[in-house]
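What's in input.txt: compact mmCIF, C-alpha atoms and all ligand atoms
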```txt
# COMPACT_ATOMS: atom_id res chain seq x y z
CA MET A 1 70.73 -96.53 -201.65
CA GLN A 2 68.10 -95.36 -204.06
CA PHE A 3 66.74 -92.43 -202.00
CA GLN A 4 68.74 -90.31 -199.61
CA ALA A 5 67.37 -89.98 -196.10
CA LYS A 6 68.71 -86.48 -195.67
CA ASN A 7 68.12 -82.90 -196.84
CA PHE A 8 64.41 -83.32 -196.38
CA PRO A 9 62.25 -80.27 -197.20
CA ALA A 10 61.37 -78.12 -194.16
CA LEU A 11 58.03 -78.88 -192.51
CA LYS A 12 55.40 -76.22 -193.22
CA ASN A 13 52.44 -77.46 -191.18
CA ASP A 14 53.69 -78.74 -187.83
CA ASN A 15 50.36 -78.54 -185.95
CA LEU A 16 50.16 -82.28 -185.48
CA LEU A 17 53.68 -82.62 -184.08
CA ARG A 18 53.05 -79.62 -181.84
CA ALA A 19 49.84 -81.19 -180.52
CA ALA A 20 51.69 -84.46 -179.88
CA ARG A 21 54.33 -82.60 -177.87
CA GLY A 22 51.73 -80.61 -175.92
CA GLU A 23 52.53 -77.29 -177.60
CA ALA A 24 49.99 -74.70 -178.77
CA VAL A 25 48.42 -75.19 -182.23
CA ASP A 26 46.93 -72.81 -184.84
CA ARG A 27 44.08 -75.23 -185.43
CA VAL A 28 43.21 -78.73 -184.26
CA PRO A 29 45.16 -81.21 -186.43
CA VAL A 30 43.36 -84.11 -188.04
CA TRP A 31 44.24 -87.31 -189.87
CA VAL A 32 42.30 -90.54 -190.39
CA MET A 33 43.36 -94.12 -189.80
CA ARG A 34 43.36 -95.95 -193.17
CA GLN A 35 43.12 -92.61 -194.96
CA ALA A 36 44.69 -94.28 -197.99
CA GLY A 37 42.18 -96.97 -198.81
CA ARG A 38 39.33 -98.41 -200.75
CA TYR A 39 36.88 -95.53 -200.18
CA LEU A 40 39.03 -93.63 -202.72
CA PRO A 41 38.44 -94.50 -206.41
CA GLU A 42 42.05 -93.63 -207.26
CA PHE A 43 43.23 -96.17 -204.65
CA LYS A 44 41.06 -98.87 -206.22
CA GLU A 45 42.59 -98.03 -209.60
CA VAL A 46 46.10 -98.66 -208.29
CA ARG A 47 44.96 -101.88 -206.59
CA ALA A 48 43.30 -103.10 -209.81
CA GLU A 49 46.79 -103.15 -211.34
CA ALA A 50 48.91 -104.28 -208.41
CA ASP A 51 48.69 -106.83 -205.62
CA PHE A 52 48.41 -105.35 -202.10
CA PHE A 53 51.91 -106.31 -200.97
CA LYS A 54 53.37 -105.26 -204.31
CA VAL A 55 52.08 -101.75 -203.54
CA CYS A 56 53.73 -101.96 -200.11
CA ARG A 57 57.04 -103.16 -201.57
CA THR A 58 57.28 -100.68 -204.44
CA PRO A 59 58.21 -97.25 -203.01
CA GLU A 60 56.76 -95.34 -206.01
CA LEU A 61 53.39 -97.11 -205.65
CA ALA A 62 53.36 -96.84 -201.85
CA VAL A 63 54.09 -93.12 -202.15
CA GLU A 64 51.41 -92.64 -204.80
CA VAL A 65 48.67 -94.13 -202.59
CA THR A 66 50.03 -92.35 -199.50
CA MET A 67 49.74 -89.05 -201.40
CA GLN A 68 46.18 -89.67 -202.63
CA PRO A 69 44.33 -88.52 -199.47
CA ILE A 70 46.83 -85.66 -199.03
CA ARG A 71 45.90 -84.32 -202.48
CA ARG A 72 42.17 -84.53 -201.82
CA PHE A 73 41.78 -83.39 -198.20
CA GLU A 74 43.25 -80.74 -195.89
CA LEU A 75 44.80 -83.39 -193.66
CA ASP A 76 47.49 -82.50 -191.11
CA ALA A 77 49.49 -85.72 -191.45
CA SER A 78 50.26 -88.50 -193.87
CA ILE A 79 50.80 -92.15 -192.92
CA ILE A 80 53.02 -94.33 -195.02
CA PHE A 81 51.14 -96.99 -196.96
CA SER A 82 52.14 -100.40 -195.65
CA ASP A 83 50.62 -103.01 -193.36
CA ILE A 84 51.28 -104.36 -189.90
CA LEU A 85 51.66 -107.84 -191.43
CA VAL A 86 54.94 -107.02 -193.19
CA ILE A 87 56.64 -108.02 -189.90
CA PRO A 88 55.43 -111.65 -189.99
CA GLN A 89 56.51 -111.71 -193.64
CA ALA A 90 59.99 -110.48 -192.71
CA LEU A 91 60.07 -113.25 -190.07
CA GLY A 92 59.69 -115.81 -192.84
CA MET A 93 55.91 -116.33 -192.89
CA THR A 94 53.83 -116.16 -196.05
CA VAL A 95 50.97 -113.65 -195.92
CA GLU A 96 48.53 -113.14 -198.78
CA MET A 97 45.90 -110.42 -199.07
CA ARG A 98 42.80 -112.12 -200.53
CA PRO A 99 40.34 -109.68 -202.12
CA GLY A 100 37.08 -109.50 -200.19
CA HIS A 101 38.54 -111.62 -197.41
CA GLY A 102 41.59 -109.92 -195.92
CA PRO A 103 44.95 -111.35 -194.87
CA VAL A 104 45.61 -115.11 -194.96
CA PHE A 105 48.62 -117.06 -193.65
CA PRO A 106 48.66 -120.43 -195.47
CA GLU A 107 51.00 -121.77 -192.76
CA PRO A 108 50.26 -120.12 -189.41
CA LEU A 109 52.13 -120.96 -186.20
CA GLU A 110 50.52 -124.31 -185.37
CA SER A 111 52.42 -125.07 -182.20
CA THR A 112 54.86 -123.26 -179.93
CA GLN A 113 57.67 -125.24 -181.59
CA ASP A 114 57.05 -123.18 -184.71
CA ILE A 115 58.40 -120.07 -182.94
CA ALA A 116 61.89 -121.47 -183.61
CA LYS A 117 61.23 -121.29 -187.37
CA LEU A 118 60.91 -117.50 -187.28
CA THR A 119 63.87 -115.55 -188.63
CA PRO A 120 64.38 -112.38 -186.55
CA ASN A 121 67.97 -112.03 -187.78
CA GLY A 122 67.91 -109.73 -190.77
CA ALA A 123 64.16 -109.08 -190.46
CA VAL A 124 64.54 -105.31 -190.35
CA GLU A 125 66.93 -105.34 -193.30
CA ARG A 126 64.25 -107.21 -195.25
CA LEU A 127 61.89 -104.34 -194.42
CA GLN A 128 64.15 -101.71 -195.95
CA TYR A 129 61.54 -101.17 -198.67
CA VAL A 130 59.38 -99.50 -195.99
CA GLY A 131 62.33 -97.25 -195.16
CA ASP A 132 62.77 -96.45 -198.86
CA ALA A 133 59.07 -95.57 -199.18
CA LEU A 134 59.31 -93.29 -196.12
CA THR A 135 62.34 -91.52 -197.57
CA LEU A 136 60.76 -91.04 -200.98
CA MET A 137 57.56 -89.86 -199.30
CA ARG A 138 59.39 -87.21 -197.26
CA HIS A 139 60.84 -85.76 -200.46
CA THR A 140 57.53 -86.02 -202.32
CA LEU A 141 55.59 -84.30 -199.51
CA GLU A 142 57.76 -81.20 -199.83
CA GLY A 143 57.17 -80.50 -196.14
CA LYS A 144 53.41 -80.13 -196.54
CA VAL A 145 52.54 -82.26 -193.49
CA PRO A 146 54.45 -84.64 -191.20
CA LEU A 147 54.81 -88.34 -192.02
CA PHE A 148 53.74 -91.18 -189.73
CA GLY A 149 55.52 -94.51 -189.60
CA PHE A 150 53.86 -97.38 -187.75
CA THR A 151 54.02 -100.95 -186.54
CA GLY A 152 51.60 -103.53 -185.26
CA ALA A 153 52.06 -104.23 -181.55
CA PRO A 154 53.27 -107.68 -180.45
CA TRP A 155 49.94 -109.11 -179.23
CA THR A 156 48.14 -108.01 -182.41
CA LEU A 157 50.89 -109.53 -184.58
CA MET A 158 50.91 -112.75 -182.54
CA GLY A 159 47.14 -113.04 -183.00
CA TYR A 160 47.39 -112.96 -186.80
CA MET A 161 50.40 -115.30 -186.83
CA VAL A 162 48.67 -117.93 -184.69
CA GLU A 163 45.14 -117.61 -186.12
CA GLY A 164 46.41 -117.51 -189.69
CA GLY A 165 44.48 -114.32 -190.46
CA GLY A 166 41.70 -112.27 -188.92
CA SER A 167 39.51 -114.00 -186.35
CA LYS A 168 36.25 -113.15 -184.61
CA THR A 169 37.39 -114.73 -181.36
CA MET A 170 41.19 -115.08 -181.36
CA SER A 171 40.52 -118.34 -179.56
CA LYS A 172 43.72 -120.12 -180.69
CA SER A 173 46.01 -117.28 -179.70
CA ARG A 174 44.12 -116.75 -176.43
CA ALA A 175 44.57 -120.46 -175.73
CA TRP A 176 48.32 -119.95 -176.23
CA LEU A 177 48.27 -117.18 -173.60
CA LYS A 178 46.45 -119.49 -171.18
CA ASP A 179 48.08 -122.87 -171.84
CA HIS A 180 51.56 -121.84 -173.01
CA SER A 181 52.13 -118.55 -171.29
CA ASP A 182 55.96 -118.82 -171.16
CA GLU A 183 56.18 -119.69 -174.85
CA SER A 184 53.72 -116.90 -175.66
CA ARG A 185 55.92 -114.47 -173.75
CA LYS A 186 58.91 -115.70 -175.72
CA LEU A 187 57.09 -114.96 -178.98
CA LEU A 188 55.84 -111.58 -177.71
CA ASN A 189 59.38 -110.61 -176.64
CA LEU A 190 60.79 -111.63 -180.01
CA LEU A 191 58.17 -109.44 -181.70
CA THR A 192 58.87 -106.56 -179.30
CA ASP A 193 62.55 -106.52 -180.24
CA VAL A 194 61.77 -106.61 -183.96
CA CYS A 195 59.25 -103.75 -183.52
CA VAL A 196 61.86 -101.61 -181.74
CA ASP A 197 64.49 -102.08 -184.46
CA TYR A 198 61.87 -101.60 -187.16
CA LEU A 199 60.74 -98.29 -185.63
CA ILE A 200 64.35 -97.10 -185.28
CA MET A 201 64.86 -97.90 -188.96
CA GLN A 202 61.69 -95.92 -189.80
CA ILE A 203 62.94 -92.84 -187.91
CA LYS A 204 66.33 -93.05 -189.65
CA ASN A 205 64.57 -93.17 -193.00
CA GLY A 206 62.25 -90.23 -192.43
CA ALA A 207 59.31 -91.06 -190.13
CA GLN A 208 58.48 -87.98 -188.02
CA ILE A 209 55.98 -89.61 -185.64
CA LEU A 210 55.21 -93.28 -184.96
CA GLN A 211 51.98 -95.10 -184.13
CA ILE A 212 51.84 -98.53 -182.50
CA PHE A 213 48.62 -100.34 -183.49
CA GLU A 214 47.34 -102.75 -180.84
CA SER A 215 44.15 -103.29 -182.81
CA SER A 216 43.41 -106.73 -181.36
CA ALA A 217 43.33 -105.59 -177.72
CA GLU A 218 39.56 -105.79 -178.12
CA TYR A 219 39.63 -109.60 -178.11
CA ILE A 220 41.28 -110.02 -174.70
CA THR A 221 40.20 -109.30 -171.15
CA LYS A 222 41.63 -106.47 -169.11
CA GLU A 223 43.61 -109.07 -167.14
CA GLU A 224 45.11 -110.55 -170.32
CA PHE A 225 45.85 -107.08 -171.65
CA ILE A 226 47.71 -106.10 -168.46
CA GLU A 227 49.59 -109.39 -168.26
CA PHE A 228 50.62 -109.88 -171.89
CA ALA A 229 50.06 -106.84 -174.11
CA LEU A 230 50.86 -103.91 -171.86
CA PRO A 231 54.40 -105.04 -170.89
CA CYS A 232 55.31 -105.20 -174.61
CA LEU A 233 53.91 -101.71 -175.20
CA LYS A 234 56.02 -100.52 -172.28
CA ASP A 235 59.16 -102.33 -173.50
CA ILE A 236 58.74 -100.83 -176.96
CA ARG A 237 58.63 -97.31 -175.55
CA VAL A 238 61.52 -97.83 -173.11
CA LYS A 239 63.81 -99.69 -175.52
CA LEU A 240 63.07 -97.27 -178.34
CA HIS A 241 64.03 -94.30 -176.18
CA GLU A 242 67.19 -96.11 -175.02
CA LYS A 243 68.26 -96.76 -178.61
CA ILE A 244 67.39 -93.23 -179.73
CA GLU A 245 69.60 -91.89 -176.96
CA LYS A 246 72.42 -94.36 -177.58
CA GLU A 247 72.50 -93.87 -181.34
CA GLY A 248 72.01 -90.10 -181.07
CA ILE A 249 69.04 -90.06 -183.45
CA GLU A 250 66.07 -87.75 -183.50
CA LYS A 251 63.40 -88.33 -180.86
CA VAL A 252 59.95 -88.44 -182.45
CA PRO A 253 56.53 -88.51 -180.74
CA LEU A 254 55.00 -91.93 -180.07
CA VAL A 255 51.31 -92.81 -180.30
CA VAL A 256 49.80 -95.93 -178.78
CA PHE A 257 46.41 -97.03 -180.10
CA ALA A 258 44.97 -100.07 -178.31
CA LYS A 259 41.52 -100.67 -179.75
CA GLY A 260 39.12 -102.05 -177.16
CA ALA A 261 41.44 -101.36 -174.22
CA MET A 262 39.79 -98.22 -172.92
CA HIS A 263 39.48 -100.13 -169.61
CA SER A 264 43.22 -99.63 -169.17
CA LEU A 265 43.68 -95.94 -170.00
CA ALA A 266 45.16 -95.24 -166.57
CA GLU A 267 47.73 -98.01 -167.05
CA MET A 268 48.51 -96.83 -170.59
CA THR A 269 49.14 -93.31 -169.34
CA GLU A 270 51.99 -94.70 -167.22
CA LEU A 271 53.80 -96.10 -170.28
CA GLY A 272 55.34 -92.79 -171.30
CA TYR A 273 53.82 -92.41 -174.77
CA ASP A 274 53.21 -88.85 -176.00
CA VAL A 275 49.79 -89.65 -177.45
CA ILE A 276 47.08 -92.17 -176.57
CA GLY A 277 44.63 -93.11 -179.32
CA LEU A 278 41.02 -93.62 -178.27
CA ASP A 279 38.44 -95.85 -179.88
CA TRP A 280 34.86 -94.56 -179.98
CA SER A 281 33.68 -96.47 -176.92
CA ILE A 282 34.76 -93.74 -174.49
CA ASP A 283 33.58 -90.18 -173.95
CA PRO A 284 36.36 -87.59 -174.52
CA GLU A 285 35.81 -85.88 -171.16
CA GLU A 286 35.89 -89.17 -169.31
CA ALA A 287 39.13 -90.15 -171.07
CA ARG A 288 40.75 -86.81 -170.22
CA LYS A 289 39.80 -87.25 -166.56
CA ILE A 290 41.51 -90.64 -166.47
CA VAL A 291 44.74 -89.72 -168.30
CA GLY A 292 45.26 -86.28 -166.71
CA PRO A 293 46.68 -83.20 -168.44
CA ASN A 294 50.13 -84.41 -169.57
CA VAL A 295 49.33 -86.69 -172.50
CA THR A 296 47.81 -85.88 -175.90
CA LEU A 297 44.62 -87.69 -176.88
CA GLN A 298 43.77 -88.83 -180.41
CA GLY A 299 40.40 -89.90 -181.78
CA ASN A 300 37.62 -90.85 -181.65
CA LEU A 301 34.62 -90.39 -183.95
CA ASP A 302 32.80 -93.64 -184.69
CA PRO A 303 33.71 -94.53 -188.33
CA GLN A 304 30.05 -95.42 -188.79
CA ASP A 305 29.12 -91.76 -188.20
CA LEU A 306 30.63 -91.00 -191.62
CA TYR A 307 27.56 -92.68 -193.15
CA LYS A 308 25.33 -89.91 -191.74
CA THR A 309 24.38 -86.67 -193.49
CA PRO A 310 26.95 -83.84 -193.75
CA ASP A 311 24.93 -81.79 -191.25
CA GLU A 312 24.94 -84.61 -188.74
CA ILE A 313 28.67 -85.27 -189.27
CA ARG A 314 29.44 -81.58 -188.75
CA GLN A 315 27.43 -81.52 -185.54
CA LEU A 316 28.90 -84.74 -184.12
CA THR A 317 32.43 -83.62 -184.97
CA LYS A 318 31.99 -80.17 -183.38
CA THR A 319 30.61 -81.73 -180.21
CA MET A 320 33.54 -84.16 -180.07
CA VAL A 321 36.23 -81.54 -180.72
CA ASN A 322 34.74 -79.20 -178.14
CA LYS A 323 34.82 -81.94 -175.53
CA PHE A 324 38.49 -82.68 -176.24
CA GLY A 325 39.46 -79.00 -176.39
CA LYS A 326 42.00 -77.26 -178.59
CA ASN A 327 45.21 -78.36 -176.90
CA ARG A 328 46.84 -81.75 -176.49
CA TYR A 329 44.40 -83.13 -179.05
CA ILE A 330 44.65 -84.77 -182.49
CA ALA A 331 41.33 -85.43 -184.22
CA ASN A 332 40.81 -88.83 -185.88
CA LEU A 333 38.24 -91.59 -186.07
CA GLY A 334 38.07 -94.23 -183.36
CA HIS A 335 39.33 -96.84 -185.87
CA GLY A 336 39.98 -97.08 -189.61
CA ILE A 337 37.71 -95.49 -192.21
CA THR A 338 35.55 -98.15 -193.90
CA PRO A 339 35.45 -98.83 -197.66
CA ALA A 340 31.93 -97.58 -198.47
CA THR A 341 32.38 -94.18 -196.77
CA PRO A 342 31.24 -91.33 -199.07
CA ILE A 343 34.07 -88.96 -199.94
CA ILE A 344 31.97 -85.94 -198.96
CA SER A 345 31.94 -87.33 -195.39
CA MET A 346 35.73 -87.09 -195.18
CA THR A 347 35.70 -83.50 -196.47
CA THR A 348 32.97 -82.61 -194.00
CA PHE A 349 34.79 -84.25 -191.09
CA VAL A 350 38.13 -82.56 -191.81
CA ASP A 351 36.54 -79.13 -192.33
CA ALA A 352 34.44 -79.46 -189.17
CA VAL A 353 37.57 -80.22 -187.11
CA HIS A 354 39.44 -77.25 -188.53
CA SER A 355 36.60 -74.80 -188.01
CA ALA A 356 35.62 -76.06 -184.56
CA PHE A 357 37.14 -73.10 -182.71
CA ASP A 358 36.42 -70.42 -185.35
CA ASN A 359 34.09 -67.71 -184.12
O1 LIG S 1 46.21 -95.87 -192.42
C1 LIG S 1 46.70 -95.88 -193.57
O2 LIG S 1 46.19 -95.24 -194.54
C2 LIG S 1 48.01 -96.58 -193.79
C3 LIG S 1 47.93 -97.91 -194.25
C4 LIG S 1 47.51 -99.06 -193.35
C5 LIG S 1 46.96 -100.23 -193.90
N1 LIG S 1 46.89 -101.18 -192.92
C6 LIG S 1 46.59 -100.42 -195.30
C7 LIG S 1 45.60 -101.46 -195.63
C8 LIG S 1 47.68 -99.27 -192.00
C9 LIG S 1 48.15 -98.31 -190.92
C10 LIG S 1 47.30 -100.62 -191.74
C11 LIG S 1 47.41 -101.26 -190.42
C12 LIG S 1 46.75 -102.55 -190.19
N2 LIG S 1 46.72 -103.63 -191.01
C13 LIG S 1 46.12 -102.89 -188.99
C14 LIG S 1 46.02 -102.01 -187.79
C15 LIG S 1 45.05 -100.92 -187.98
C16 LIG S 1 43.62 -101.35 -187.94
O3 LIG S 1 42.90 -100.95 -188.85
O4 LIG S 1 43.25 -102.04 -187.00
C17 LIG S 1 45.64 -104.20 -189.12
C18 LIG S 1 44.87 -105.00 -188.10
C19 LIG S 1 46.05 -104.68 -190.40
C20 LIG S 1 45.85 -106.01 -191.00
C21 LIG S 1 44.98 -105.93 -192.17
N3 LIG S 1 45.36 -105.36 -193.37
C22 LIG S 1 43.66 -106.39 -192.30
C23 LIG S 1 42.86 -107.06 -191.22
C24 LIG S 1 43.25 -106.08 -193.60
C25 LIG S 1 41.95 -106.44 -194.26
C26 LIG S 1 40.86 -105.58 -193.73
C27 LIG S 1 40.09 -104.95 -194.84
O5 LIG S 1 39.65 -103.82 -194.61
O6 LIG S 1 39.95 -105.58 -195.90
C28 LIG S 1 44.31 -105.40 -194.24
C29 LIG S 1 44.30 -104.87 -195.61
C30 LIG S 1 44.57 -103.44 -195.80
N4 LIG S 1 45.60 -102.76 -195.19
C31 LIG S 1 43.88 -102.56 -196.66
C32 LIG S 1 44.52 -101.32 -196.56
C33 LIG S 1 44.19 -100.08 -197.32
C34 LIG S 1 42.69 -102.92 -197.55
C35 LIG S 1 43.01 -104.05 -198.45
C36 LIG S 1 43.14 -103.79 -199.93
O7 LIG S 1 43.58 -102.72 -200.40
O8 LIG S 1 42.81 -104.73 -200.65
```

Reformat the file's structure so that it appears as structure tokens.
Amino acid sequence: MQFQAKNFPALKNDNLLRAARGEAVDRVPVWVMRQAGRYLPEFKEVRAEADFFKVCRTPELAVEVTMQPIRRFELDASIIFSDILVIPQALGMTVEMRPGHGPVFPEPLESTQDIAKLTPNGAVERLQYVGDALTLMRHTLEGKVPLFGFTGAPWTLMGYMVEGGGSKTMSKSRAWLKDHSDESRKLLNLLTDVCVDYLIMQIKNGAQILQIFESSAEYITKEEFIEFALPCLKDIRVKLHEKIEKEGIEKVPLVVFAKGAMHSLAEMTELGYDVIGLDWSIDPEEARKIVGPNVTLQGNLDPQDLYKTPDEIRQLTKTMVNKFGKNRYIANLGHGITPATPIISMTTFVDAVHSAFDN
């Protein structure tokens, strides 16, 4: 192997891991979904030279873009540069990232018969480049902040695989849930098992905390979420903990972020994740009331607020952080940062989080 997943530098700033575990923190930790991205000119420079998935597959390039926001901002975590759609690729599907358009699958799953064409055997081995990037990143970070690994959740992955890319309605994949529910479950279970093995591989290669992105929960009803998405999120947590125990590997905190599923916070609390990510549709105090005291909350500033003036951003951030409180809280946006966000907004947001409880 090219990089050794051992003898990692000691972690200097463990506030985020402490918050995830419910321990006291020196200051509220903060990171931002999509913190490596097109709002950074240095990211655009790398992307001008290399295709999106080439960056993902080349550990040196993935580490370079993962480091970019860490160099610029006082963030309390890094998240490995990759994409949720590397799983469908490892299952044999072609995925292209078209500039100005987003991900495209030239041959999506057209019928439930196509599930049989997927290649779960060896899928995680084909994703070893993500493991290599994690390992190189841990060495490159020199213990500055912890490193997130992540995966897309089964329903979100299924949506992209059936729609053939992003969709405003997810109507094809929702029709699968309705008209072919057993076959849909078969696909969701296949994806669940791949996610579990993929996350285990990420821990072994250096991930110190893991986030499961159920970004497409917003397209389905509460009933569909409870029937199809939630059982997979539960299975991932349970099976991951079983494997961690069985293989005697390090237990890392788990974050579940189901965008648009704030209707099911009570149900999500039962899943046994350490951290629940909130989108911006819910008030922090309301969320805390629903989940109770024993889970950490993450979120949830509206990404659009970063287009306001620094004074307004400071004020909105302070109000948010005060509502969440200092403990069992990780500050973030309620979804990914958007490409036209001014860099000063990020600096302002991060500083406002860190100074929220200063006198
Ligand atoms: O957060 C990070 O900094 C880590 C990197 C990361 C990316 N994608 C890089 C990326 C992470 C965690 C993701 C996850 C991801 N990918 C999700 C779940 C999170 C979310 O935001 O909901 C989803 C749904 C995807 C699928 C995906 N990838 C879409 C829909 C798009 C196009 C959207 C867009 O903004 O254009 C991508 C592309 C993508 N993934 C970009 C980045 C930085 C931008 C594309 C580029 O560089 O050309």

### Message
Distance limit 9 Å, reference ligand LIG 1 (chain S), atoms considered: only C-alpha atoms and all ligand atoms. Which residues make the cut? Give them as a PyMOL selection string.
### Response
chain A and resi 32-38+43-44+47+51-52+56+65-66+69+78-85+97-103+148-153+156-157+160+165-166+211-216+257+259+335-339

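Comparing the minimum interatomic distances between Val252 in chain A and each of A:Asn294, A:Thr112, A:Thr135, A:Gln202, counting only C-alpha atoms, we find that A:Gln202 sits nearest.
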
### Message
I'd like to know which of A:Ser345, A:Thr119, A:Gln298, A:Ser355 is closest to Asp279 in chain A, using only C-alpha atoms.
### Response
A:Gln298

### Task
For Tyr273 in chain A, please output as JSON, numbers by chain all residues within 12 Å (counting all atoms listed in the file; exclusion window: fewer than 2 positions along the same chain).
{"A": [20, 21, 209, 210, 211, 212, 233, 234, 235, 236, 237, 238, 240, 241, 252, 253, 254, 255, 256, 257, 265, 267, 268, 269, 270, 271, 275, 276, 277, 291, 294, 295, 296, 297]}

Residues of the last selection are to be written out with C-alpha atoms, as a PDB file, keeping the file's coordinate frame.
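Result saved to out-v5.pdb:
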```pdb
ATOM      1  CA  ALA A  20      51.690 -84.460-179.880  1.00  0.00           C
ATOM      2  CA  ARG A  21      54.330 -82.600-177.870  1.00  0.00           C
ATOM      3  CA  ILE A 209      55.980 -89.610-185.640  1.00  0.00           C
ATOM      4  CA  LEU A 210      55.210 -93.280-184.960  1.00  0.00           C
ATOM      5  CA  GLN A 211      51.980 -95.100-184.130  1.00  0.00           C
ATOM      6  CA  ILE A 212      51.840 -98.530-182.500  1.00  0.00           C
ATOM      7  CA  LEU A 233      53.910-101.710-175.200  1.00  0.00           C
ATOM      8  CA  LYS A 234      56.020-100.520-172.280  1.00  0.00           C
ATOM      9  CA  ASP A 235      59.160-102.330-173.500  1.00  0.00           C
ATOM     10  CA  ILE A 236      58.740-100.830-176.960  1.00  0.00           C
ATOM     11  CA  ARG A 237      58.630 -97.310-175.550  1.00  0.00           C
ATOM     12  CA  VAL A 238      61.520 -97.830-173.110  1.00  0.00           C
ATOM     13  CA  LEU A 240      63.070 -97.270-178.340  1.00  0.00           C
ATOM     14  CA  HIS A 241      64.030 -94.300-176.180  1.00  0.00           C
ATOM     15  CA  VAL A 252      59.950 -88.440-182.450  1.00  0.00           C
ATOM     16  CA  PRO A 253      56.530 -88.510-180.740  1.00  0.00           C
ATOM     17  CA  LEU A 254      55.000 -91.930-180.070  1.00  0.00           C
ATOM     18  CA  VAL A 255      51.310 -92.810-180.300  1.00  0.00           C
ATOM     19  CA  VAL A 256      49.800 -95.930-178.780  1.00  0.00           C
ATOM     20  CA  PHE A 257      46.410 -97.030-180.100  1.00  0.00           C
ATOM     21  CA  LEU A 265      43.680 -95.940-170.000  1.00  0.00           C
ATOM     22  CA  GLU A 267      47.730 -98.010-167.050  1.00  0.00           C
ATOM     23  CA  MET A 268      48.510 -96.830-170.590  1.00  0.00           C
ATOM     24  CA  THR A 269      49.140 -93.310-169.340  1.00  0.00           C
ATOM     25  CA  GLU A 270      51.990 -94.700-167.220  1.00  0.00           C
ATOM     26  CA  LEU A 271      53.800 -96.100-170.280  1.00  0.00           C
ATOM     27  CA  VAL A 275      49.790 -89.650-177.450  1.00  0.00           C
ATOM     28  CA  ILE A 276      47.080 -92.170-176.570  1.00  0.00           C
ATOM     29  CA  GLY A 277      44.630 -93.110-179.320  1.00  0.00           C
ATOM     30  CA  VAL A 291      44.740 -89.720-168.300  1.00  0.00           C
ATOM     31  CA  ASN A 294      50.130 -84.410-169.570  1.00  0.00           C
ATOM     32  CA  VAL A 295      49.330 -86.690-172.500  1.00  0.00           C
ATOM     33  CA  THR A 296      47.810 -85.880-175.900  1.00  0.00           C
ATOM     34  CA  LEU A 297      44.620 -87.690-176.880  1.00  0.00           C
TER      35      LEU A 297
END
```

#### Entry: Nearest residue to Glu142 in chain A from the set A:Glu163, A:Asn13, A:Glu42, A:Asn205 (distances using all atoms listed in the file)
A:Asn13

### Task
Determine, counting only C-alpha atoms, every residue of protein, DNA or RNA that lies within 10 Å of (59.8, -112.1, -186.7) in the file coordinates, then give the result as a ChimeraX atom specification.
/A:86-93,115,117-124,157-158,161,187-188,190-195

### Message
Using only C-alpha atoms for the distances, tell me which of A:Ala62, A:Val162, A:Met137, A:Val321 is nearest to Ala50 in chain A.
### Response
A:Ala62

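Each of A:Glu245, A:Glu218, A:Asp305, A:Asp182 was checked against Ser264 in chain A using all atoms listed in the file; the smallest atom-to-atom distance is that of A:Glu218.
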
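The spacing separating CA of Tyr129 in chain A from CA of Ile200 in chain A amounts to 14.3 Å.
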
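Near Glu224 in chain A, within 9 Å and counting only C-alpha atoms, sit A:Arg174, A:Leu177, A:Leu230; same-chain residues fewer than 6 positions away were not included.
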
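Atom to atom, CA of Ile343 in chain A and CA of Val46 in chain A stand 17.6 Å apart.
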
Range 121-177 of chain A residues near range 58-61 of chain A within 12 Å, closest pair each, using only C-alpha atoms, as CSV:
```
residue,atom,partner,partner_atom,distance
A:Leu127,CA,A:Thr58,CA,11.6
A:Gln128,CA,A:Pro59,CA,10.2
A:Tyr129,CA,A:Pro59,CA,6.7
A:Val130,CA,A:Pro59,CA,7.5
A:Gly131,CA,A:Pro59,CA,8.9
A:Asp132,CA,A:Pro59,CA,6.2
A:Ala133,CA,A:Pro59,CA,4.3
A:Leu134,CA,A:Pro59,CA,8.0
A:Thr135,CA,A:Pro59,CA,8.9
A:Leu136,CA,A:Pro59,CA,7.0
A:Met137,CA,A:Pro59,CA,8.3
A:Arg138,CA,A:Pro59,CA,11.6
A:His139,CA,A:Glu60,CA,11.8
A:Thr140,CA,A:Glu60,CA,10.1
```

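For the atom pair formed by CA of Pro231 in chain A and CA of Asn189 in chain A, the distance is 9.4 Å, given to one decimal.
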
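Among the candidate residues A:Val104, A:Ala352, A:Val63, A:Ala77, the one lying nearest to Arg18 in chain A is A:Ala77, with distances computed using all atoms listed in the file.
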
### Message
For Phe73 in chain A, find every residue with an atom within 8 Å (counting all atoms listed in the file), except residues of its own chain fewer than 5 positions away, and show them as an MDAnalysis selection string.
### Response
chainID A and resid 346:347 350

### Message
Could you list, as a PyMOL selection string, every residue within 8 Å of range 323-332 of chain A, counting all atoms listed in the file and ignoring same-chain residues fewer than 4 positions away?
### Response
chain A and resi 16+19-25+27-33+284-285+288+295-301+319+353+357

### Task
Name the residues within 7 Å of (33.3, -97.5, -182.8), counting only C-alpha atoms in the file's coordinates, and put them as a count of residues only.
7

### Within 9 Å of Glu250 in chain A using only C-alpha atoms, minus same-chain residues under 3 positions, as a VMD selection string
chain A and resid 203 to 204 208 244 to 245
